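Heads up, structure08.cif below (mmCIF, N, CA and C atoms):
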data_my_file
loop_
_atom_site.label_atom_id
_atom_site.label_comp_id
_atom_site.auth_asym_id
_atom_site.auth_seq_id
_atom_site.Cartn_x
_atom_site.Cartn_y
_atom_site.Cartn_z
N MET I 1 18.44 -6.70 6.32
CA MET I 1 17.76 -5.54 5.77
C MET I 1 16.83 -5.96 4.63
N MET I 2 17.38 -6.61 3.60
CA MET I 2 16.56 -7.00 2.45
C MET I 2 15.51 -8.03 2.84
N LYS I 3 15.86 -8.88 3.81
CA LYS I 3 14.90 -9.90 4.24
C LYS I 3 13.63 -9.25 4.80
N SER I 4 13.79 -8.19 5.60
CA SER I 4 12.60 -7.56 6.17
C SER I 4 11.77 -6.88 5.08
N ILE I 5 12.42 -6.29 4.09
CA ILE I 5 11.69 -5.69 2.97
C ILE I 5 10.96 -6.79 2.19
N GLU I 6 11.66 -7.89 1.95
CA GLU I 6 11.04 -9.01 1.22
C GLU I 6 9.83 -9.55 1.97
N LYS I 7 9.93 -9.69 3.29
CA LYS I 7 8.80 -10.18 4.09
C LYS I 7 7.61 -9.24 3.98
N LYS I 8 7.88 -7.94 4.05
CA LYS I 8 6.81 -6.95 3.94
C LYS I 8 6.20 -6.98 2.54
N MET I 9 7.04 -7.16 1.53
CA MET I 9 6.52 -7.22 0.16
C MET I 9 5.62 -8.45 -0.02
N MET I 10 6.03 -9.58 0.57
CA MET I 10 5.21 -10.78 0.49
C MET I 10 3.87 -10.57 1.19
N LEU I 11 3.90 -9.85 2.30
CA LEU I 11 2.67 -9.55 3.04
C LEU I 11 1.72 -8.72 2.17
N VAL I 12 2.25 -7.70 1.49
CA VAL I 12 1.42 -6.88 0.59
C VAL I 12 0.84 -7.78 -0.50
N GLN I 13 1.67 -8.61 -1.10
CA GLN I 13 1.20 -9.49 -2.18
C GLN I 13 0.09 -10.43 -1.70
N GLU I 14 0.25 -10.99 -0.50
CA GLU I 14 -0.77 -11.89 0.06
C GLU I 14 -2.10 -11.16 0.25
N ARG I 15 -2.03 -9.98 0.85
CA ARG I 15 -3.26 -9.23 1.13
C ARG I 15 -3.93 -8.74 -0.15
N VAL I 16 -3.13 -8.28 -1.10
CA VAL I 16 -3.70 -7.82 -2.37
C VAL I 16 -4.30 -9.00 -3.13
N SER I 17 -3.67 -10.15 -3.04
CA SER I 17 -4.21 -11.35 -3.68
C SER I 17 -5.59 -11.70 -3.11
N LYS I 18 -5.73 -11.61 -1.80
CA LYS I 18 -7.04 -11.85 -1.16
C LYS I 18 -8.07 -10.85 -1.66
N LEU I 19 -7.65 -9.58 -1.78
CA LEU I 19 -8.56 -8.54 -2.25
C LEU I 19 -8.95 -8.75 -3.71
N LYS I 20 -7.99 -9.18 -4.54
CA LYS I 20 -8.30 -9.45 -5.95
C LYS I 20 -9.31 -10.59 -6.07
N SER I 21 -9.11 -11.62 -5.28
CA SER I 21 -10.03 -12.76 -5.28
C SER I 21 -11.43 -12.31 -4.87
N MET I 22 -11.50 -11.50 -3.83
CA MET I 22 -12.78 -10.98 -3.36
C MET I 22 -13.42 -10.10 -4.43
N SER I 23 -12.64 -9.25 -5.04
CA SER I 23 -13.14 -8.32 -6.06
C SER I 23 -13.79 -9.06 -7.24
N GLN I 24 -13.19 -10.18 -7.61
CA GLN I 24 -13.73 -10.95 -8.73
C GLN I 24 -15.09 -11.56 -8.42
N LYS I 25 -15.36 -11.77 -7.14
CA LYS I 25 -16.63 -12.40 -6.73
C LYS I 25 -17.75 -11.39 -6.53
N ILE I 26 -17.39 -10.11 -6.41
CA ILE I 26 -18.39 -9.07 -6.14
C ILE I 26 -18.65 -8.30 -7.43
N ASN I 27 -19.92 -8.23 -7.81
CA ASN I 27 -20.27 -7.64 -9.10
C ASN I 27 -20.81 -6.22 -9.03
N SER I 28 -21.11 -5.74 -7.82
CA SER I 28 -21.66 -4.39 -7.72
C SER I 28 -21.38 -3.81 -6.33
N PHE I 29 -21.48 -2.49 -6.25
CA PHE I 29 -21.32 -1.81 -4.97
C PHE I 29 -22.39 -2.28 -3.99
N GLU I 30 -23.60 -2.46 -4.49
CA GLU I 30 -24.71 -2.91 -3.63
C GLU I 30 -24.40 -4.28 -3.04
N GLU I 31 -23.84 -5.16 -3.86
CA GLU I 31 -23.46 -6.49 -3.37
C GLU I 31 -22.37 -6.36 -2.30
N TYR I 32 -21.43 -5.47 -2.54
CA TYR I 32 -20.33 -5.26 -1.58
C TYR I 32 -20.88 -4.79 -0.22
N ILE I 33 -21.71 -3.75 -0.22
CA ILE I 33 -22.18 -3.19 1.06
C ILE I 33 -23.25 -4.04 1.73
N SER I 34 -23.82 -5.00 0.99
CA SER I 34 -24.84 -5.85 1.61
C SER I 34 -24.22 -6.89 2.54
N SER I 35 -22.92 -7.02 2.51
CA SER I 35 -22.25 -8.02 3.35
C SER I 35 -21.23 -7.36 4.26
N GLN I 36 -21.51 -7.36 5.56
CA GLN I 36 -20.55 -6.80 6.52
C GLN I 36 -19.24 -7.58 6.47
N GLU I 37 -19.32 -8.86 6.15
CA GLU I 37 -18.10 -9.67 6.05
C GLU I 37 -17.21 -9.16 4.91
N ASN I 38 -17.81 -8.84 3.75
CA ASN I 38 -17.03 -8.26 2.65
C ASN I 38 -16.35 -6.97 3.08
N ILE I 39 -17.10 -6.12 3.74
CA ILE I 39 -16.58 -4.82 4.18
C ILE I 39 -15.41 -5.03 5.14
N ASP I 40 -15.59 -5.93 6.11
CA ASP I 40 -14.54 -6.21 7.09
C ASP I 40 -13.28 -6.76 6.42
N ILE I 41 -13.46 -7.71 5.51
CA ILE I 41 -12.32 -8.32 4.81
C ILE I 41 -11.59 -7.27 3.99
N ALA I 42 -12.32 -6.45 3.27
CA ALA I 42 -11.71 -5.42 2.42
C ALA I 42 -10.95 -4.42 3.27
N GLU I 43 -11.59 -3.90 4.29
CA GLU I 43 -10.96 -2.88 5.12
C GLU I 43 -9.69 -3.41 5.79
N ARG I 44 -9.77 -4.60 6.35
CA ARG I 44 -8.62 -5.17 7.07
C ARG I 44 -7.45 -5.43 6.12
N ASN I 45 -7.72 -6.01 4.97
CA ASN I 45 -6.64 -6.33 4.04
C ASN I 45 -6.03 -5.08 3.42
N ILE I 46 -6.85 -4.08 3.13
CA ILE I 46 -6.31 -2.81 2.63
C ILE I 46 -5.43 -2.16 3.70
N HIS I 47 -5.93 -2.16 4.94
CA HIS I 47 -5.16 -1.58 6.04
C HIS I 47 -3.79 -2.25 6.16
N ILE I 48 -3.76 -3.57 6.16
CA ILE I 48 -2.48 -4.28 6.32
C ILE I 48 -1.57 -4.03 5.12
N ALA I 49 -2.13 -4.02 3.91
CA ALA I 49 -1.31 -3.77 2.71
C ALA I 49 -0.70 -2.37 2.76
N ILE I 50 -1.49 -1.38 3.13
CA ILE I 50 -0.98 0.01 3.22
C ILE I 50 0.10 0.09 4.30
N GLU I 51 -0.18 -0.48 5.44
CA GLU I 51 0.76 -0.45 6.57
C GLU I 51 2.09 -1.08 6.15
N ALA I 52 2.04 -2.20 5.45
CA ALA I 52 3.27 -2.87 5.00
C ALA I 52 4.01 -2.01 3.98
N CYS I 53 3.29 -1.33 3.10
CA CYS I 53 3.94 -0.42 2.14
C CYS I 53 4.65 0.72 2.88
N MET I 54 4.01 1.24 3.90
CA MET I 54 4.63 2.31 4.68
C MET I 54 5.87 1.78 5.41
N ASP I 55 5.78 0.57 5.95
CA ASP I 55 6.93 -0.03 6.63
C ASP I 55 8.10 -0.22 5.65
N ILE I 56 7.80 -0.67 4.44
CA ILE I 56 8.83 -0.82 3.40
C ILE I 56 9.49 0.53 3.17
N GLY I 57 8.68 1.56 3.03
CA GLY I 57 9.20 2.90 2.81
C GLY I 57 10.10 3.36 3.95
N LYS I 58 9.67 3.11 5.18
CA LYS I 58 10.46 3.52 6.35
C LYS I 58 11.82 2.81 6.38
N ILE I 59 11.82 1.53 6.03
CA ILE I 59 13.08 0.76 6.01
C ILE I 59 14.03 1.34 4.96
N ILE I 60 13.50 1.62 3.78
CA ILE I 60 14.34 2.18 2.71
C ILE I 60 14.86 3.55 3.11
N ILE I 61 14.00 4.38 3.68
CA ILE I 61 14.41 5.72 4.12
C ILE I 61 15.54 5.61 5.14
N SER I 62 15.42 4.70 6.07
CA SER I 62 16.45 4.50 7.09
C SER I 62 17.74 4.00 6.45
N ASN I 63 17.64 3.00 5.58
CA ASN I 63 18.82 2.41 4.95
C ASN I 63 19.57 3.41 4.08
N MET I 64 18.83 4.32 3.45
CA MET I 64 19.45 5.31 2.56
C MET I 64 19.80 6.61 3.28
N ASN I 65 19.51 6.65 4.58
CA ASN I 65 19.73 7.88 5.37
C ASN I 65 19.05 9.09 4.74
N LEU I 66 17.81 8.91 4.31
CA LEU I 66 17.03 9.99 3.72
C LEU I 66 16.40 10.82 4.83
N LYS I 67 15.87 11.99 4.45
CA LYS I 67 15.26 12.84 5.47
C LYS I 67 14.04 12.15 6.08
N GLU I 68 13.84 12.42 7.33
CA GLU I 68 12.74 11.83 8.09
C GLU I 68 11.41 12.39 7.59
N PRO I 69 10.47 11.52 7.22
CA PRO I 69 9.17 12.04 6.77
C PRO I 69 8.41 12.71 7.91
N VAL I 70 7.61 13.71 7.56
CA VAL I 70 6.84 14.44 8.56
C VAL I 70 5.68 13.59 9.07
N ASP I 71 5.08 12.82 8.17
CA ASP I 71 3.92 11.99 8.52
C ASP I 71 3.88 10.78 7.59
N ASN I 72 2.82 10.00 7.67
CA ASN I 72 2.72 8.80 6.84
C ASN I 72 2.73 9.12 5.34
N LYS I 73 2.04 10.17 4.95
CA LYS I 73 2.04 10.56 3.53
C LYS I 73 3.45 10.94 3.10
N GLY I 74 4.18 11.55 4.01
CA GLY I 74 5.55 11.98 3.73
C GLY I 74 6.50 10.85 3.40
N ILE I 75 6.20 9.66 3.88
CA ILE I 75 7.04 8.49 3.56
C ILE I 75 7.17 8.37 2.04
N PHE I 76 6.03 8.45 1.37
CA PHE I 76 6.02 8.26 -0.08
C PHE I 76 6.62 9.46 -0.82
N SER I 77 6.45 10.66 -0.28
CA SER I 77 7.08 11.85 -0.86
C SER I 77 8.59 11.73 -0.83
N VAL I 78 9.11 11.30 0.31
CA VAL I 78 10.56 11.14 0.47
C VAL I 78 11.08 10.09 -0.53
N LEU I 79 10.35 9.00 -0.68
CA LEU I 79 10.76 7.96 -1.63
C LEU I 79 10.76 8.48 -3.06
N ALA I 80 9.77 9.30 -3.40
CA ALA I 80 9.70 9.87 -4.75
C ALA I 80 10.84 10.85 -4.98
N GLU I 81 11.12 11.68 -3.98
CA GLU I 81 12.23 12.64 -4.11
C GLU I 81 13.56 11.92 -4.32
N ALA I 82 13.70 10.76 -3.70
CA ALA I 82 14.94 9.97 -3.82
C ALA I 82 14.91 9.06 -5.06
N ARG I 83 13.85 9.16 -5.83
CA ARG I 83 13.66 8.38 -7.07
C ARG I 83 13.59 6.87 -6.82
N VAL I 84 13.14 6.49 -5.63
CA VAL I 84 12.89 5.08 -5.35
C VAL I 84 11.60 4.67 -6.04
N ILE I 85 10.61 5.56 -5.99
CA ILE I 85 9.35 5.36 -6.71
C ILE I 85 9.14 6.57 -7.62
N ASN I 86 8.30 6.41 -8.64
CA ASN I 86 8.07 7.56 -9.50
C ASN I 86 6.98 8.46 -8.93
N LYS I 87 7.04 9.71 -9.31
CA LYS I 87 6.11 10.71 -8.76
C LYS I 87 4.65 10.40 -9.09
N LYS I 88 4.41 9.74 -10.22
CA LYS I 88 3.03 9.36 -10.59
C LYS I 88 2.41 8.46 -9.53
N SER I 89 3.22 7.65 -8.89
CA SER I 89 2.72 6.74 -7.85
C SER I 89 2.15 7.48 -6.65
N LEU I 90 2.58 8.71 -6.46
CA LEU I 90 2.09 9.48 -5.30
C LEU I 90 0.58 9.72 -5.39
N GLY I 91 0.04 9.75 -6.60
CA GLY I 91 -1.40 9.95 -6.78
C GLY I 91 -2.22 8.85 -6.14
N PHE I 92 -1.63 7.68 -5.98
CA PHE I 92 -2.30 6.57 -5.30
C PHE I 92 -1.81 6.45 -3.85
N LEU I 93 -0.50 6.51 -3.67
CA LEU I 93 0.08 6.18 -2.36
C LEU I 93 -0.23 7.22 -1.28
N MET I 94 -0.21 8.49 -1.61
CA MET I 94 -0.48 9.49 -0.58
C MET I 94 -1.93 9.41 -0.07
N PRO I 95 -2.92 9.29 -0.97
CA PRO I 95 -4.28 9.08 -0.45
C PRO I 95 -4.41 7.77 0.34
N MET I 96 -3.63 6.75 -0.03
CA MET I 96 -3.68 5.49 0.71
C MET I 96 -3.22 5.68 2.16
N ALA I 97 -2.22 6.52 2.36
CA ALA I 97 -1.78 6.80 3.73
C ALA I 97 -2.92 7.46 4.51
N GLY I 98 -3.66 8.35 3.86
CA GLY I 98 -4.82 8.97 4.50
C GLY I 98 -5.92 7.95 4.77
N THR I 99 -6.12 7.05 3.84
CA THR I 99 -7.12 5.98 4.01
C THR I 99 -6.76 5.10 5.19
N ARG I 100 -5.47 4.81 5.31
CA ARG I 100 -5.01 4.00 6.44
C ARG I 100 -5.35 4.70 7.76
N ASN I 101 -5.13 6.01 7.82
CA ASN I 101 -5.44 6.74 9.05
C ASN I 101 -6.92 6.66 9.39
N ILE I 102 -7.78 6.75 8.38
CA ILE I 102 -9.22 6.64 8.61
C ILE I 102 -9.58 5.24 9.10
N LEU I 103 -8.97 4.21 8.46
CA LEU I 103 -9.26 2.83 8.86
C LEU I 103 -8.82 2.57 10.30
N VAL I 104 -7.71 3.19 10.70
CA VAL I 104 -7.17 2.95 12.04
C VAL I 104 -7.87 3.80 13.09
N HIS I 105 -8.14 5.07 12.77
CA HIS I 105 -8.60 6.01 13.80
C HIS I 105 -10.05 6.45 13.68
N GLY I 106 -10.64 6.34 12.50
CA GLY I 106 -11.97 6.92 12.32
C GLY I 106 -12.99 5.96 11.76
N TYR I 107 -13.25 4.91 12.48
CA TYR I 107 -14.12 3.85 11.98
C TYR I 107 -15.46 4.35 11.47
N ASP I 108 -15.99 5.36 12.11
CA ASP I 108 -17.31 5.87 11.72
C ASP I 108 -17.25 6.66 10.42
N ARG I 109 -16.05 7.01 9.96
CA ARG I 109 -15.94 7.82 8.75
C ARG I 109 -15.47 7.02 7.53
N VAL I 110 -15.38 5.70 7.65
CA VAL I 110 -14.92 4.90 6.52
C VAL I 110 -15.95 4.99 5.40
N ASP I 111 -15.48 5.38 4.23
CA ASP I 111 -16.34 5.54 3.06
C ASP I 111 -16.36 4.23 2.28
N ASN I 112 -17.49 3.54 2.32
CA ASN I 112 -17.60 2.25 1.63
C ASN I 112 -17.32 2.38 0.14
N ALA I 113 -17.73 3.49 -0.46
CA ALA I 113 -17.50 3.68 -1.90
C ALA I 113 -16.00 3.79 -2.18
N LEU I 114 -15.26 4.44 -1.29
CA LEU I 114 -13.81 4.55 -1.46
C LEU I 114 -13.16 3.17 -1.41
N ILE I 115 -13.51 2.39 -0.41
CA ILE I 115 -12.93 1.05 -0.25
C ILE I 115 -13.30 0.18 -1.45
N TYR I 116 -14.55 0.25 -1.88
CA TYR I 116 -14.99 -0.51 -3.05
C TYR I 116 -14.19 -0.07 -4.29
N GLY I 117 -13.99 1.21 -4.44
CA GLY I 117 -13.20 1.72 -5.57
C GLY I 117 -11.78 1.20 -5.55
N ILE I 118 -11.20 1.09 -4.37
CA ILE I 118 -9.83 0.57 -4.27
C ILE I 118 -9.79 -0.88 -4.73
N ILE I 119 -10.73 -1.69 -4.23
CA ILE I 119 -10.66 -3.12 -4.59
C ILE I 119 -11.03 -3.36 -6.06
N LYS I 120 -11.78 -2.45 -6.65
CA LYS I 120 -12.17 -2.63 -8.06
C LYS I 120 -11.20 -1.98 -9.04
N LYS I 121 -10.54 -0.88 -8.63
CA LYS I 121 -9.77 -0.10 -9.62
C LYS I 121 -8.31 0.13 -9.26
N HIS I 122 -7.90 -0.14 -8.04
CA HIS I 122 -6.56 0.31 -7.65
C HIS I 122 -5.65 -0.76 -7.05
N LEU I 123 -6.04 -2.01 -7.07
CA LEU I 123 -5.17 -3.03 -6.49
C LEU I 123 -3.86 -3.14 -7.27
N HIS I 124 -3.91 -2.88 -8.58
CA HIS I 124 -2.68 -2.94 -9.39
C HIS I 124 -1.67 -1.87 -8.96
N ASP I 125 -2.15 -0.81 -8.30
CA ASP I 125 -1.23 0.23 -7.83
C ASP I 125 -0.30 -0.30 -6.73
N PHE I 126 -0.78 -1.24 -5.95
CA PHE I 126 0.10 -1.88 -4.95
C PHE I 126 1.20 -2.64 -5.69
N ASP I 127 0.83 -3.35 -6.76
CA ASP I 127 1.81 -4.10 -7.55
C ASP I 127 2.85 -3.16 -8.15
N LYS I 128 2.41 -2.00 -8.63
CA LYS I 128 3.35 -1.02 -9.20
C LYS I 128 4.35 -0.56 -8.13
N PHE I 129 3.85 -0.27 -6.95
CA PHE I 129 4.73 0.15 -5.85
C PHE I 129 5.77 -0.93 -5.58
N LEU I 130 5.33 -2.17 -5.45
CA LEU I 130 6.25 -3.28 -5.16
C LEU I 130 7.28 -3.44 -6.27
N SER I 131 6.85 -3.27 -7.50
CA SER I 131 7.75 -3.38 -8.64
C SER I 131 8.84 -2.30 -8.59
N GLN I 132 8.43 -1.09 -8.29
CA GLN I 132 9.39 0.01 -8.20
C GLN I 132 10.37 -0.21 -7.05
N VAL I 133 9.86 -0.69 -5.93
CA VAL I 133 10.73 -0.97 -4.78
C VAL I 133 11.70 -2.09 -5.14
N SER I 134 11.22 -3.13 -5.82
CA SER I 134 12.08 -4.25 -6.23
C SER I 134 13.20 -3.76 -7.12
N GLN I 135 12.85 -2.94 -8.10
CA GLN I 135 13.88 -2.41 -9.00
C GLN I 135 14.93 -1.63 -8.21
N HIS I 136 14.48 -0.84 -7.27
CA HIS I 136 15.41 -0.05 -6.46
C HIS I 136 16.29 -0.95 -5.60
N THR I 137 15.71 -1.93 -4.92
CA THR I 137 16.49 -2.78 -4.03
C THR I 137 17.47 -3.65 -4.82
N GLU I 138 17.08 -4.07 -6.03
CA GLU I 138 18.01 -4.83 -6.88
C GLU I 138 19.20 -3.97 -7.27
N LYS I 139 18.96 -2.71 -7.60
CA LYS I 139 20.07 -1.78 -7.93
C LYS I 139 20.98 -1.62 -6.73
N ASP I 140 20.39 -1.49 -5.55
CA ASP I 140 21.18 -1.33 -4.32
C ASP I 140 22.06 -2.54 -4.08
N LEU I 141 21.50 -3.73 -4.30
CA LEU I 141 22.28 -4.95 -4.10
C LEU I 141 23.48 -5.00 -5.05
N LYS I 142 23.25 -4.62 -6.31
CA LYS I 142 24.34 -4.61 -7.29
C LYS I 142 25.41 -3.60 -6.90
N ASN I 143 24.99 -2.46 -6.39
CA ASN I 143 25.95 -1.44 -5.98
C ASN I 143 26.78 -1.88 -4.78
N ASP I 144 26.20 -2.75 -3.96
CA ASP I 144 26.92 -3.22 -2.77
C ASP I 144 27.93 -4.31 -3.09
N LEU I 145 27.83 -4.91 -4.26
CA LEU I 145 28.73 -6.02 -4.62
C LEU I 145 30.11 -5.53 -4.99
#

Would you write the structure of this file as C-alpha coordinates?
Amino acid sequence: MMKSIEKKMMLVQERVSKLKSMSQKINSFEEYISSQENIDIAERNIHIAIEACMDIGKIIISNMNLKEPVDNKGIFSVLAEARVINKKSLGFLMPMAGTRNILVHGYDRVDNALIYGIIKKHLHDFDKFLSQVSQHTEKDLKNDL
(Lines of atoms letter the chains of each structure in order from A and count residues from 1; the text may use other names and numbers.)
(Lines give C-alpha, C1' and ligand atoms only; values in the text may rest on other atoms or scores of the structure.)
Protein backbone atom coordinates (compact mmCIF):
# COMPACT_ATOMS: atom_id res chain seq x y z
CA MET A 1 0.00 0.00 0.00
CA MET A 2 2.58 2.59 1.09
CA LYS A 3 4.94 1.53 -1.69
CA SER A 4 2.39 2.45 -4.37
CA ILE A 5 1.77 5.85 -2.73
CA GLU A 6 5.53 6.41 -2.50
CA LYS A 7 5.98 5.53 -6.19
CA LYS A 8 3.23 7.96 -7.17
CA MET A 9 4.74 10.66 -4.96
CA MET A 10 8.14 10.16 -6.60
CA LEU A 11 6.47 10.46 -10.01
CA VAL A 12 4.90 13.80 -9.01
CA GLN A 13 8.27 15.02 -7.69
CA GLU A 14 10.04 14.01 -10.93
CA ARG A 15 7.49 15.74 -13.15
CA VAL A 16 7.35 18.88 -11.02
CA SER A 17 11.15 18.99 -10.99
CA LYS A 18 11.15 18.95 -14.82
CA LEU A 19 8.57 21.75 -14.82
CA LYS A 20 10.59 23.83 -12.33
CA SER A 21 13.69 23.44 -14.48
CA MET A 22 11.73 24.50 -17.56
CA SER A 23 10.14 27.42 -15.73
CA GLN A 24 13.54 28.81 -14.76
CA LYS A 25 14.61 28.87 -18.42
CA ILE A 26 11.50 30.67 -19.69
CA ASN A 27 11.34 34.40 -18.99
CA SER A 28 8.01 35.38 -20.51
CA PHE A 29 4.66 34.10 -21.72
CA GLU A 30 5.68 35.05 -25.27
CA GLU A 31 8.81 32.91 -24.96
CA TYR A 32 6.69 30.03 -23.64
CA ILE A 33 4.13 30.09 -26.47
CA SER A 34 6.78 30.60 -29.16
CA SER A 35 7.94 27.02 -28.63
CA GLN A 36 5.57 24.12 -29.28
CA GLU A 37 8.13 21.93 -27.50
CA ASN A 38 7.76 24.01 -24.30
CA ILE A 39 3.98 23.76 -24.53
CA ASP A 40 4.10 19.98 -25.08
CA ILE A 41 6.56 19.43 -22.21
CA ALA A 42 4.53 21.59 -19.82
CA GLU A 43 1.18 20.06 -20.70
CA ARG A 44 2.42 16.46 -20.51
CA ASN A 45 4.25 16.88 -17.21
CA ILE A 46 1.35 18.75 -15.59
CA HIS A 47 -1.04 16.05 -16.81
CA ILE A 48 1.08 13.25 -15.33
CA ALA A 49 1.62 15.13 -12.03
CA ILE A 50 -2.12 15.76 -11.64
CA GLU A 51 -2.98 12.18 -12.58
CA ALA A 52 -0.51 10.85 -9.99
CA CYS A 53 -1.97 13.15 -7.31
CA MET A 54 -5.44 11.83 -8.11
CA ASP A 55 -4.14 8.24 -7.96
CA ILE A 56 -2.59 8.96 -4.53
CA GLY A 57 -5.94 10.31 -3.39
CA LYS A 58 -7.81 7.26 -4.68
CA ILE A 59 -5.43 4.90 -2.86
CA ILE A 60 -5.85 6.80 0.42
CA ILE A 61 -9.64 6.91 0.00
CA SER A 62 -9.70 3.15 -0.57
CA ASN A 63 -7.33 2.40 2.34
CA MET A 64 -9.36 4.56 4.74
CA ASN A 65 -12.71 3.27 3.43
CA LEU A 66 -13.84 6.83 2.77
CA LYS A 67 -16.87 7.70 0.66
CA GLU A 68 -16.45 7.22 -3.06
CA PRO A 69 -15.79 10.53 -4.85
CA VAL A 70 -18.34 11.59 -7.44
CA ASP A 71 -15.68 12.74 -9.92
CA ASN A 72 -12.00 13.66 -10.11
CA LYS A 73 -12.50 16.94 -8.25
CA GLY A 74 -14.33 14.97 -5.57
CA ILE A 75 -11.17 12.99 -4.79
CA PHE A 76 -9.67 16.09 -3.20
CA SER A 77 -12.91 17.08 -1.45
CA VAL A 78 -13.09 13.66 0.20
CA LEU A 79 -9.45 13.96 1.31
CA ALA A 80 -10.12 17.40 2.80
CA GLU A 81 -13.24 16.19 4.62
CA ALA A 82 -11.15 13.37 6.11
CA ARG A 83 -8.46 15.93 7.08
CA VAL A 84 -5.81 14.20 4.96
CA ILE A 85 -5.22 17.54 3.24
CA ASN A 86 -6.23 21.00 4.38
CA LYS A 87 -9.20 22.76 2.83
CA LYS A 88 -6.97 25.61 1.55
CA SER A 89 -5.34 23.10 -0.80
CA LEU A 90 -8.66 22.63 -2.58
CA GLY A 91 -8.21 26.07 -4.16
CA PHE A 92 -5.40 24.56 -6.23
CA LEU A 93 -6.27 20.87 -6.42
CA MET A 94 -9.88 21.07 -7.58
CA PRO A 95 -9.07 23.33 -10.56
CA MET A 96 -6.14 21.00 -11.32
CA ALA A 97 -8.58 18.10 -11.71
CA GLY A 98 -10.49 20.25 -14.21
CA THR A 99 -7.25 21.14 -15.98
CA ARG A 100 -6.43 17.46 -16.24
CA ASN A 101 -9.78 16.82 -17.92
CA ILE A 102 -9.09 19.56 -20.47
CA LEU A 103 -5.59 18.20 -21.15
CA VAL A 104 -6.98 14.69 -21.64
CA HIS A 105 -10.24 15.39 -23.47
CA GLY A 106 -10.22 18.89 -24.91
CA TYR A 107 -6.96 19.56 -26.68
CA ASP A 108 -8.39 22.46 -28.64
CA ARG A 109 -9.43 24.23 -25.43
CA VAL A 110 -6.10 24.17 -23.58
CA ASP A 111 -5.42 27.68 -22.31
CA ASN A 112 -1.71 28.43 -22.73
CA ALA A 113 -1.94 31.24 -20.18
CA LEU A 114 -3.34 28.81 -17.60
CA ILE A 115 -0.55 26.29 -18.17
CA TYR A 116 2.06 29.06 -18.08
CA GLY A 117 0.56 30.33 -14.82
CA ILE A 118 0.81 26.87 -13.30
CA ILE A 119 4.49 26.46 -14.17
CA LYS A 120 5.32 29.97 -12.98
CA LYS A 121 3.16 30.29 -9.85
CA HIS A 122 1.76 26.97 -8.68
CA LEU A 123 4.35 24.20 -8.82
CA HIS A 124 4.89 24.60 -5.06
CA ASP A 125 1.24 23.58 -4.59
CA PHE A 126 2.14 20.07 -5.74
CA ASP A 127 4.85 20.03 -3.05
CA LYS A 128 2.30 21.14 -0.43
CA PHE A 129 -0.04 18.31 -1.43
CA LEU A 130 2.78 15.75 -1.18
CA SER A 131 3.81 17.12 2.20
CA GLN A 132 0.28 16.83 3.57
CA VAL A 133 -0.05 13.29 2.21
CA SER A 134 3.33 12.36 3.74
CA GLN A 135 2.27 13.67 7.13
CA HIS A 136 -0.94 11.69 6.92
CA THR A 137 0.70 8.44 5.79
CA GLU A 138 3.37 8.75 8.52
CA LYS A 139 0.59 9.10 11.14
CA ASP A 140 -1.13 6.04 9.67
CA LEU A 141 2.07 4.01 9.89
CA LYS A 142 2.53 4.97 13.55
CA ASN A 143 -1.07 4.02 14.30
CA ASP A 144 -0.54 0.62 12.70
CA LEU A 145 2.46 -0.19 14.91

Query raised in the report: Leaving out region 8-25 of chain I and any residue of its chain fewer than 5 positions from it, which residues lie within 7 Å of it when counting all atoms listed in the file, given as a PyMOL selection string?
Result: chain I and resi 3+42+45-46+48-50+52-53+56+119-120+123+130

Query raised in the report: So what do you get for CA of Ser28 (chain I) versus CA of Arg44 (chain I), distance-wise?
Result: 19.7 Å

Query raised in the report: Tell me, which residues of region 11-107 of chain I carry DSSP helix (DSSP H, G or I), written as JSON, numbers by chain?
Result: {"I": [11, 12, 13, 14, 15, 16, 17, 18, 19, 20, 21, 22, 23, 24, 25, 29, 30, 31, 32, 33, 36, 37, 38, 39, 40, 41, 42, 43, 44, 45, 46, 47, 48, 49, 50, 51, 52, 53, 54, 55, 56, 57, 58, 59, 60, 61, 62, 63, 72, 73, 74, 75, 76, 77, 78, 79, 80, 81, 87, 88, 89, 90, 91, 92, 93, 94, 95, 96, 97, 98, 99, 100, 101, 102, 103, 104, 105, 107]}

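CA of Leu103 (chain I) is found 7.0 Å from CA of Glu43 (chain I).
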
Requested in this report: Could you check how far CA of Met54 (chain I) sits from CA of Gln135 (chain I), in Å to one decimal?
Outcome: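 One can read the CA of Met54 (chain I) to CA of Gln135 (chain I) distance as 17.2 Å.
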
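Each of I:Arg109, I:Phe126, I:Glu68, I:Tyr116 was compared to Asn27 (chain I) using only C-alpha atoms, and I:Tyr116 turns out to be the nearest.
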
Query raised in the report: Counting only N, CA and C atoms, which of I:Lys128, I:Val78, I:Arg83, I:Asp55 gets nearest to Ser4 (chain I)?
Result: I:Asp55

Requested in this report: Please evaluate the PyMOL selection byres ((chain I and resi 72-75) around 7) against the structure above and give the resulting residues as a list in words.
Outcome: Met54, Gly57, Lys58, Glu68, Pro69, Val70, Asp71, Phe76, Ser77, Val78, Leu79, Ala80, Leu93, Met94, Pro95, Ala97 and Gly98 of chain I

Take every atom of region 105-112 of chain I listed in the file, fit an axis-aligned box around them, add 3 Å per side, and give the centre and edge lengths in Å to one decimal as AutoDock Vina command-line options.
--center_x -12.9 --center_y 5.0 --center_z 7.0 --size_x 15.5 --size_y 11.6 --size_z 19.7

**Report entry** Distance criterion (only N, CA and C atoms): nearest to Phe92 (chain I) out of I:Asp40, I:Asp111, I:Glu138, I:Asp125
**Finding:**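 Of I:Asp40, I:Asp111, I:Glu138, I:Asp125, the one nearest Phe92 (chain I), counting only N, CA and C atoms, is I:Asp125.
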